[in-house]
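Input: a single structure, listed below in structure tokens.
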Amino acid sequence: MAPFEALYGRRYRSPIGWFKIGEVELIGPELVHQAMEKVEIIKEWLKTAQSHQKSYSYVHHRDLEFQDDDWVFLKASPMKEIPVIIIDRQVQKLRNKEIASVKVLWRNQQVEEATWEAEEEMKRKYPHLFE
């Protein structure tokens with residue numbers, strides 16, 4: 001008796017076989033041929049799904065062309081470049097090591113938008129914050 005059968009009380013069914021319980025298992029080229037047919041069916045379904053998604057996205061899509069002297073609105077978000085202050089520190093304990101992190105407030109950001117960064121990296125890049 002196989003370990004799987006002893007543990008679960010039924011025979012192991014390979015995920016490669018798509019045959020139903022009670023069918024005779026196919027051996028050799030028949031199994032490969034059946035697998036190839038299933039792969040082709042799956043490929044067709046994926047192409048159909050991709051086609052549907054394309055048609056949905058193209059409904060609202062339109063090509064934009066601009067001329068000289070056209071006015072356009074741009075959406076820009078400020079980059080984090082420069083850290084202002086370290087707000088908080090924490091040490092995460094894993095099984096056999098500890099990771100020190102610092103909560104950094106960046107220029108042009110609110111306190112709620114502060115991020116947790118690795119303390120070693122911040123010490124290396126911005127030593128003036130730790131003085």
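Naming scheme: A, B, ... for chains in displayed order of the structure tokens; residues 1 onward per chain; ligands 1 onward as shown.
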
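Proximity to stretch 91-102 of chain A at 12 Å, evaluated using only C-alpha atoms and with sequence-adjacent residues fewer than 3 positions away removed, yields Pro83, Ile85, Ile86, Ile87, Asp88, Leu105, Ala114, Thr115, Trp116, Glu117, Ala118, Glu119, Glu120, Glu121, Met122, Lys123, Leu129 and Phe130 of chain A.
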
Backbone-only DSSP, alpha helix (DSSP H) members of stretch 38-100 of chain A, as a VMD selection string = chain A and resid 38 to 59

Could you pull out the residues in stretch 38-112 of chain A that DSSP calls strand (DSSP E or B) from the backbone, as a CSV table (one decimal) with C-alpha atoms, in the first residue's frame?
```
chain,number,residue,atom,x,y,z
A,83,PRO,CA,14.2,62.7,4.5
A,84,VAL,CA,13.3,65.3,7.1
A,85,ILE,CA,13.3,63.4,10.4
A,86,ILE,CA,13.0,60.0,12.0
A,87,ILE,CA,9.7,59.6,13.7
A,88,ASP,CA,9.9,56.1,15.2
A,89,ARG,CA,12.1,53.0,15.5
A,90,GLN,CA,11.2,49.3,15.7
A,91,VAL,CA,13.0,46.0,15.7
A,92,GLN,CA,11.3,43.0,14.0
A,93,LYS,CA,12.5,39.7,15.5
A,98,GLU,CA,16.6,41.0,14.2
A,99,ILE,CA,15.8,43.7,11.6
A,100,ALA,CA,15.9,47.3,12.7
A,101,SER,CA,13.6,49.8,10.9
A,102,VAL,CA,13.0,53.5,11.2
A,103,LYS,CA,9.9,55.5,10.3
A,104,VAL,CA,11.0,58.3,8.1
A,105,LEU,CA,9.1,61.5,7.3
A,106,TRP,CA,10.0,62.7,3.8
```

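Atom CA of A:His60 lies 21.1 Å from atom CA of A:Lys47.
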